[in-house]
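Engineer: Sharing structure_2.pdb below, PDB, C-alpha atoms:
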ATOM      1  CA  MET A   1     146.467  68.186 126.239
ATOM      2  CA  SER A   2     143.974  66.336 124.082
ATOM      3  CA  LEU A   3     144.762  68.085 120.752
ATOM      4  CA  THR A   4     147.894  69.427 119.079
ATOM      5  CA  VAL A   5     147.819  73.097 118.019
ATOM      6  CA  ASP A   6     147.904  72.351 114.260
ATOM      7  CA  PHE A   7     145.178  69.799 114.604
ATOM      8  CA  ARG A   8     143.106  72.171 116.755
ATOM      9  CA  THR A   9     143.236  74.731 113.926
ATOM     10  CA  GLN A  10     142.233  72.088 111.402
ATOM     11  CA  VAL A  11     139.319  71.004 113.599
ATOM     12  CA  ASP A  12     138.132  74.591 114.091
ATOM     13  CA  GLN A  13     138.190  75.233 110.356
ATOM     14  CA  SER A  14     136.389  71.945 109.683
ATOM     15  CA  CYS A  15     133.713  72.861 112.208
ATOM     16  CA  ARG A  16     133.127  76.213 110.514
ATOM     17  CA  TYR A  17     132.721  74.514 107.138
ATOM     18  CA  SER A  18     130.429  71.899 108.672
ATOM     19  CA  GLU A  19     128.201  74.427 110.369
ATOM     20  CA  GLU A  20     127.797  76.393 107.138
ATOM     21  CA  PHE A  21     127.043  73.222 105.215
ATOM     22  CA  ILE A  22     124.516  71.925 107.753
ATOM     23  CA  ASN A  23     122.657  75.247 107.771
ATOM     24  CA  ILE A  24     122.385  75.079 103.978
ATOM     25  CA  TYR A  25     121.430  71.387 103.998
ATOM     26  CA  TYR A  26     118.489  71.584 106.398
ATOM     27  CA  GLU A  27     117.232  74.882 105.000
ATOM     28  CA  CYS A  28     117.251  73.216 101.601
ATOM     29  CA  MET A  29     115.520  70.133 103.020
ATOM     30  CA  ASP A  30     112.772  72.229 104.619
ATOM     31  CA  LYS A  31     112.306  74.950 101.991
ATOM     32  CA  LYS A  32     113.991  74.095  98.670
ATOM     33  CA  ARG A  33     113.735  70.324  98.507
ATOM     34  CA  ARG A  34     114.145  70.258  94.701
ATOM     35  CA  ASN A  35     117.694  71.590  95.050
ATOM     36  CA  LEU A  36     118.792  69.133  97.714
ATOM     37  CA  LYS A  37     120.217  66.532  95.336
ATOM     38  CA  ARG A  38     122.785  69.093  94.143
ATOM     39  CA  LEU A  39     124.502  68.837  97.512
ATOM     40  CA  TYR A  40     125.354  65.187  96.765
ATOM     41  CA  LEU A  41     128.059  63.692  94.559
ATOM     42  CA  ASP A  42     126.803  61.913  91.428
ATOM     43  CA  LYS A  43     127.392  58.498  92.985
ATOM     44  CA  ALA A  44     126.559  59.374  96.589
ATOM     45  CA  THR A  45     124.692  56.896  98.776
ATOM     46  CA  LEU A  46     122.059  57.657 101.392
ATOM     47  CA  VAL A  47     120.963  55.034 103.901
ATOM     48  CA  TRP A  48     117.605  56.190 105.275
ATOM     49  CA  ASN A  49     116.490  54.096 108.239
ATOM     50  CA  GLY A  50     118.237  51.092 106.737
ATOM     51  CA  ASN A  51     117.137  51.651 103.117
ATOM     52  CA  ALA A  52     119.828  52.536 100.582
ATOM     53  CA  VAL A  53     119.381  55.111  97.801
ATOM     54  CA  THR A  54     122.260  55.702  95.380
ATOM     55  CA  GLY A  55     122.879  58.376  92.754
ATOM     56  CA  GLN A  56     121.740  61.971  92.361
ATOM     57  CA  GLU A  57     118.620  61.215  90.342
ATOM     58  CA  ALA A  58     117.369  58.506  92.703
ATOM     59  CA  LEU A  59     118.114  60.786  95.652
ATOM     60  CA  GLY A  60     116.130  63.597  94.044
ATOM     61  CA  GLU A  61     113.130  61.305  93.570
ATOM     62  CA  PHE A  62     113.426  60.006  97.115
ATOM     63  CA  PHE A  63     113.515  63.485  98.676
ATOM     64  CA  GLU A  64     110.565  64.630  96.569
ATOM     65  CA  SER A  65     108.585  61.655  97.916
ATOM     66  CA  LEU A  66     109.040  62.711 101.552
ATOM     67  CA  PRO A  67     106.428  64.940 103.222
ATOM     68  CA  SER A  68     107.438  68.530 103.910
ATOM     69  CA  SER A  69     109.656  68.844 106.956
ATOM     70  CA  GLU A  70     110.744  71.058 109.818
ATOM     71  CA  PHE A  71     114.191  70.100 111.089
ATOM     72  CA  GLN A  72     115.769  71.419 114.267
ATOM     73  CA  VAL A  73     119.432  70.582 114.796
ATOM     74  CA  GLN A  74     120.396  70.476 118.464
ATOM     75  CA  THR A  75     123.892  68.998 118.349
ATOM     76  CA  LEU A  76     126.514  69.106 115.638
ATOM     77  CA  ASP A  77     129.884  67.339 115.732
ATOM     78  CA  CYS A  78     132.590  67.356 113.107
ATOM     79  CA  GLN A  79     135.994  65.793 112.503
ATOM     80  CA  PRO A  80     138.458  66.077 109.655
ATOM     81  CA  VAL A  81     139.020  62.587 108.287
ATOM     82  CA  HIS A  82     142.698  61.720 108.368
ATOM     83  CA  GLU A  83     144.455  61.678 105.000
ATOM     84  CA  GLN A  84     145.658  58.160 105.707
ATOM     85  CA  ALA A  85     142.015  57.147 105.443
ATOM     86  CA  THR A  86     141.120  59.196 102.356
ATOM     87  CA  GLN A  87     144.147  59.114 100.057
ATOM     88  CA  GLY A  88     144.929  62.797 100.530
ATOM     89  CA  GLN A  89     141.431  64.080  99.791
ATOM     90  CA  THR A  90     139.923  66.702 102.087
ATOM     91  CA  THR A  91     137.052  64.944 103.819
ATOM     92  CA  LEU A  92     134.904  65.741 106.851
ATOM     93  CA  LEU A  93     132.742  63.518 109.021
ATOM     94  CA  VAL A  94     129.735  65.464 110.287
ATOM     95  CA  VAL A  95     127.116  64.172 112.727
ATOM     96  CA  ALA A  96     123.900  66.110 113.351
ATOM     97  CA  ALA A  97     121.186  65.255 115.855
ATOM     98  CA  GLY A  98     117.915  66.893 116.762
ATOM     99  CA  SER A  99     114.219  66.699 116.032
ATOM    100  CA  VAL A 100     112.143  66.648 112.867
ATOM    101  CA  LYS A 101     108.466  66.983 112.126
ATOM    102  CA  PHE A 102     107.305  65.586 108.810
ATOM    103  CA  GLU A 103     103.881  66.831 107.747
ATOM    104  CA  GLY A 104     101.170  64.487 108.969
ATOM    105  CA  ASN A 105     103.519  62.800 111.460
ATOM    106  CA  LYS A 106     104.466  63.434 115.059
ATOM    107  CA  GLN A 107     107.752  65.098 115.917
ATOM    108  CA  ARG A 108     110.594  62.587 116.187
ATOM    109  CA  PHE A 109     114.254  62.623 117.129
ATOM    110  CA  PHE A 110     116.840  61.899 114.464
ATOM    111  CA  ASN A 111     120.557  61.350 113.911
ATOM    112  CA  GLN A 112     122.263  61.938 110.603
ATOM    113  CA  ASN A 113     125.855  61.589 109.575
ATOM    114  CA  PHE A 114     127.524  62.899 106.444
ATOM    115  CA  LEU A 115     130.846  62.255 104.816
ATOM    116  CA  LEU A 116     131.641  65.509 103.012
ATOM    117  CA  THR A 117     134.302  65.828 100.367
ATOM    118  CA  ALA A 118     135.840  69.080  99.112
ATOM    119  CA  GLN A 119     135.429  69.908  95.429
ATOM    120  CA  ALA A 120     137.448  72.682  93.805
ATOM    121  CA  SER A 121     135.362  75.747  93.030
ATOM    122  CA  PRO A 122     136.035  77.621  89.763
ATOM    123  CA  ASN A 123     134.811  80.936  91.241
ATOM    124  CA  SER A 124     136.386  80.856  94.688
ATOM    125  CA  ASP A 125     139.379  79.676  96.673
ATOM    126  CA  GLN A 126     136.924  78.202  99.203
ATOM    127  CA  PRO A 127     136.045  74.547  98.552
ATOM    128  CA  VAL A 128     132.553  73.434  97.598
ATOM    129  CA  TRP A 129     131.436  70.608  99.893
ATOM    130  CA  LYS A 130     129.503  67.647  98.521
ATOM    131  CA  ILE A 131     128.047  64.634 100.305
ATOM    132  CA  ALA A 132     129.724  61.322  99.463
ATOM    133  CA  SER A 133     127.834  59.261 102.071
ATOM    134  CA  ASP A 134     124.785  60.027 104.187
ATOM    135  CA  CYS A 135     123.111  57.963 106.888
ATOM    136  CA  PHE A 136     119.822  58.931 108.581
ATOM    137  CA  ARG A 137     118.056  57.241 111.495
ATOM    138  CA  PHE A 138     115.153  58.101 113.730
ATOM    139  CA  GLN A 139     116.185  57.585 117.339
ATOM    140  CA  ASP A 140     113.118  55.947 118.824
ATOM    141  CA  TRP A 141     112.915  53.523 121.681
ATOM    142  CA  ALA A 142     110.434  52.464 124.346
ATOM    143  CA  ASN A 143     110.953  54.391 127.579
TER
ATOM    144  CA  MET B   1     125.779  36.064 107.109
ATOM    145  CA  GLY B   2     127.198  35.131 103.691
ATOM    146  CA  ASP B   3     124.554  37.094 101.784
ATOM    147  CA  LYS B   4     125.427  40.364 103.530
ATOM    148  CA  PRO B   5     127.781  42.778 101.722
ATOM    149  CA  ILE B   6     131.348  42.565 102.996
ATOM    150  CA  TRP B   7     131.252  46.075 104.505
ATOM    151  CA  GLU B   8     128.216  45.100 106.589
ATOM    152  CA  GLN B   9     129.948  41.958 107.798
ATOM    153  CA  ILE B  10     133.061  43.914 108.767
ATOM    154  CA  GLY B  11     131.091  46.811 110.254
ATOM    155  CA  SER B  12     128.796  44.670 112.383
ATOM    156  CA  SER B  13     131.720  42.525 113.577
ATOM    157  CA  PHE B  14     133.572  45.684 114.568
ATOM    158  CA  VAL B  15     130.541  47.074 116.405
ATOM    159  CA  GLN B  16     130.014  43.822 118.301
ATOM    160  CA  HIS B  17     133.711  43.714 119.254
ATOM    161  CA  TYR B  18     133.803  47.398 120.249
ATOM    162  CA  TYR B  19     130.851  47.309 122.648
ATOM    163  CA  GLN B  20     131.806  43.928 124.087
ATOM    164  CA  LEU B  21     135.246  45.341 124.891
ATOM    165  CA  PHE B  22     133.773  48.615 126.157
ATOM    166  CA  ASP B  23     131.357  46.802 128.477
ATOM    167  CA  THR B  24     133.928  44.356 129.877
ATOM    168  CA  ASP B  25     137.207  46.321 129.980
ATOM    169  CA  ARG B  26     137.324  49.642 128.172
ATOM    170  CA  THR B  27     141.013  50.150 129.026
ATOM    171  CA  GLN B  28     141.691  47.574 126.277
ATOM    172  CA  LEU B  29     140.126  49.689 123.519
ATOM    173  CA  GLY B  30     143.511  51.075 122.457
ATOM    174  CA  SER B  31     143.919  48.164 120.057
ATOM    175  CA  ILE B  32     141.243  49.543 117.725
ATOM    176  CA  TYR B  33     142.648  53.087 117.421
ATOM    177  CA  ILE B  34     145.801  54.491 115.811
ATOM    178  CA  ASP B  35     147.820  57.605 116.650
ATOM    179  CA  ALA B  36     145.972  59.566 113.967
ATOM    180  CA  SER B  37     142.533  58.579 115.327
ATOM    181  CA  CYS B  38     140.073  61.222 116.521
ATOM    182  CA  LEU B  39     137.381  60.883 119.154
ATOM    183  CA  THR B  40     134.619  63.392 119.815
ATOM    184  CA  TRP B  41     132.934  62.499 123.096
ATOM    185  CA  GLU B  42     129.935  64.667 123.947
ATOM    186  CA  GLY B  43     131.484  67.508 121.945
ATOM    187  CA  GLN B  44     134.960  67.162 123.471
ATOM    188  CA  GLN B  45     137.797  66.390 121.031
ATOM    189  CA  PHE B  46     140.652  63.925 121.545
ATOM    190  CA  GLN B  47     143.387  62.911 119.125
ATOM    191  CA  GLY B  48     145.610  59.851 119.263
ATOM    192  CA  LYS B  49     145.387  56.418 120.819
ATOM    193  CA  ALA B  50     146.774  57.481 124.219
ATOM    194  CA  ALA B  51     144.446  60.474 124.669
ATOM    195  CA  ILE B  52     141.426  58.447 123.541
ATOM    196  CA  VAL B  53     142.109  55.517 125.872
ATOM    197  CA  GLU B  54     142.769  57.917 128.744
ATOM    198  CA  LYS B  55     139.401  59.595 128.148
ATOM    199  CA  LEU B  56     137.461  56.346 127.850
ATOM    200  CA  SER B  57     139.190  54.810 130.881
ATOM    201  CA  SER B  58     138.444  57.840 133.047
ATOM    202  CA  LEU B  59     134.700  57.978 132.345
ATOM    203  CA  PRO B  60     132.892  58.242 135.693
ATOM    204  CA  PHE B  61     131.196  54.862 135.959
ATOM    205  CA  THR B  62     132.214  51.357 136.955
ATOM    206  CA  LYS B  63     129.670  49.220 135.135
ATOM    207  CA  ILE B  64     128.184  49.843 131.715
ATOM    208  CA  ALA B  65     126.017  47.871 129.305
ATOM    209  CA  HIS B  66     125.186  48.859 125.728
ATOM    210  CA  SER B  67     122.199  47.607 123.767
ATOM    211  CA  ILE B  68     122.191  48.208 119.999
ATOM    212  CA  THR B  69     118.876  49.254 118.443
ATOM    213  CA  ALA B  70     120.137  49.759 114.885
ATOM    214  CA  GLN B  71     123.388  49.859 112.982
ATOM    215  CA  ASP B  72     124.122  50.990 109.431
ATOM    216  CA  HIS B  73     127.321  50.452 107.469
ATOM    217  CA  GLN B  74     128.339  51.986 104.145
ATOM    218  CA  PRO B  75     131.458  51.672 102.035
ATOM    219  CA  THR B  76     133.119  55.014 101.316
ATOM    220  CA  PRO B  77     134.730  55.943  97.982
ATOM    221  CA  ASP B  78     138.179  55.286  99.479
ATOM    222  CA  SER B  79     137.558  51.747 100.779
ATOM    223  CA  CYS B  80     136.753  52.761 104.332
ATOM    224  CA  ILE B  81     133.531  51.885 106.143
ATOM    225  CA  LEU B  82     131.203  54.480 107.642
ATOM    226  CA  SER B  83     129.259  52.977 110.547
ATOM    227  CA  MET B  84     126.418  54.515 112.524
ATOM    228  CA  VAL B  85     125.034  52.969 115.699
ATOM    229  CA  VAL B  86     121.873  53.909 117.582
ATOM    230  CA  GLY B  87     121.063  52.302 120.912
ATOM    231  CA  GLN B  88     120.671  52.502 124.658
ATOM    232  CA  LEU B  89     123.101  52.237 127.524
ATOM    233  CA  LYS B  90     122.941  51.801 131.268
ATOM    234  CA  ALA B  91     125.816  53.022 133.432
ATOM    235  CA  ASP B  92     125.964  51.952 137.097
ATOM    236  CA  ASP B  93     122.586  52.809 138.671
ATOM    237  CA  ASP B  94     121.750  55.643 136.288
ATOM    238  CA  PRO B  95     118.557  55.452 134.226
ATOM    239  CA  ILE B  96     118.739  53.933 130.745
ATOM    240  CA  MET B  97     119.759  56.543 128.171
ATOM    241  CA  GLY B  98     119.793  56.633 124.395
ATOM    242  CA  PHE B  99     123.036  57.161 122.518
ATOM    243  CA  HIS B 100     124.330  57.382 118.988
ATOM    244  CA  GLN B 101     127.854  56.767 117.762
ATOM    245  CA  SER B 102     129.556  57.033 114.380
ATOM    246  CA  PHE B 103     132.790  55.370 113.280
ATOM    247  CA  ILE B 104     135.015  55.439 110.237
ATOM    248  CA  LEU B 105     136.881  52.158 109.867
ATOM    249  CA  LYS B 106     140.025  51.775 107.791
ATOM    250  CA  ASN B 107     142.018  48.689 106.873
ATOM    251  CA  ILE B 108     145.650  49.342 107.812
ATOM    252  CA  ASN B 109     148.200  46.514 107.692
ATOM    253  CA  GLU B 110     145.509  43.838 107.377
ATOM    254  CA  ALA B 111     143.619  45.084 110.451
ATOM    255  CA  TRP B 112     140.469  47.201 110.660
ATOM    256  CA  VAL B 113     141.012  50.222 112.896
ATOM    257  CA  CYS B 114     138.892  53.211 113.847
ATOM    258  CA  THR B 115     140.202  56.519 112.488
ATOM    259  CA  ASN B 116     137.175  58.595 113.537
ATOM    260  CA  ASP B 117     134.731  58.116 116.404
ATOM    261  CA  MET B 118     131.894  60.387 117.547
ATOM    262  CA  PHE B 119     129.672  59.728 120.547
ATOM    263  CA  ARG B 120     126.630  61.557 121.903
ATOM    264  CA  LEU B 121     124.015  60.717 124.489
ATOM    265  CA  ALA B 122     120.503  61.261 123.159
ATOM    266  CA  LEU B 123     119.175  63.144 126.158
ATOM    267  CA  HIS B 124     116.337  64.888 124.314
ATOM    268  CA  ASN B 125     115.831  67.557 126.958
ATOM    269  CA  PHE B 126     117.118  70.274 124.721
ATOM    270  CA  GLY B 127     115.203  73.082 126.411
TER
END
Can you present the structure in this file as structure tokens?
Structural biologist:
Amino acid sequence: MSLTVDFRTQVDQSCRYSEEFINIYYECMDKKRRNLKRLYLDKATLVWNGNAVTGQEALGEFFESLPSSEFQVQTLDCQPVHEQATQGQTTLLVVAAGSVKFEGNKQRFFNQNFLLTAQASPNSDQPVWKIASDCFRFQDWAN
Amino acid sequence: MGDKPIWEQIGSSFVQHYYQLFDTDRTQLGSIYIDASCLTWEGQQFQGKAAIVEKLSSLPFTKIAHSITAQDHQPTPDSCILSMVVGQLKADDDPIMGFHQSFILKNINEAWVCTNDMFRLALHNFG
């Protein structure tokens, strides 16, 4: 068997959280771009096709500078990050892939990975997920 | 190389080592995982060094060659490294295919190991 029962449960729960988060993220990206920076930690870093952007304010400016978008996510993978690697903090690694059309550009394929960290929510027993690290790449090559 | 941040040096060295090992003898990849490591291979989940090596060793091809198009490495708040690789691979006589792979690297007992690994082919025929 490839997974223990406890770990299977943890993975399933992580995948549910990830799917919810990803739906919110790309809807925000496509329709409510101004709010997108709120999904990031204050000191989060985005690497966009090799270019680094750090901090909520800089991220907000960067996203506002991008043309409007239509994202389609075709594959989504998620793993809980082991506590040995995160000093006991609840962290998820999420990888999304699919296609995106930025206004004025042709449709392209993309990959994006997120390191999500759980923040306590004052209003709920469910955690609020924030992005600690984000890496985006177009997947283009000559066929 | 000296002007690159340390996480980029470590990340790119790891990536070079990983694919070199994968392309020459993937049964030896156990050395980079620990028992808490997770692998997601085309959506299928594996936990632990033994299960991961078994999966990688049993992949249905004899020869494989990876070519890296781009790699990005970031430090995480807890001193790990998040690495993302985009590239192409050729297995046996199959056509060249795109792939992307993500790793989380952690320094345990003075050695960098992979705690999380996710692999997908970029087939792009999503219809």
Engineer: Using the chain letters and numbers from the file, give me the residues hit by the ChimeraX specification (/A :<6) & /B, as a ChimeraX atom specification.
Structural biologist: /B:46-47,51,78
Engineer: Using only C-alpha atoms, can you tell me which of B:Ala65, B:Cys80, B:Ala70, B:Leu56 comes closest to Arg26 (chain B)?
Structural biologist: B:Leu56
Engineer: Looking at all atoms listed in the file, which of B:Gly30, B:Gly87, B:Gly43, B:Gly98 is the one that sits closest to Ser67 (chain B)?
Structural biologist: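 Among B:Gly30, B:Gly87, B:Gly43, B:Gly98, it is B:Gly87 that comes nearest to Ser67 (chain B).
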Engineer: Specify as a PyMOL selection string each residue included when the PyMOL selection byres ((chain A and resi 58) around 12) is applied to this file.
Structural biologist: chain A and resi 36-38+40+42-46+52-57+59-65
Engineer: List, as a ChimeraX atom specification, every residue that the PyMOL selection byres ((chain A and resi 18-23) around 8) selects in the file provided.
Structural biologist: /A:14-17,24-27,76,78,92,94,129
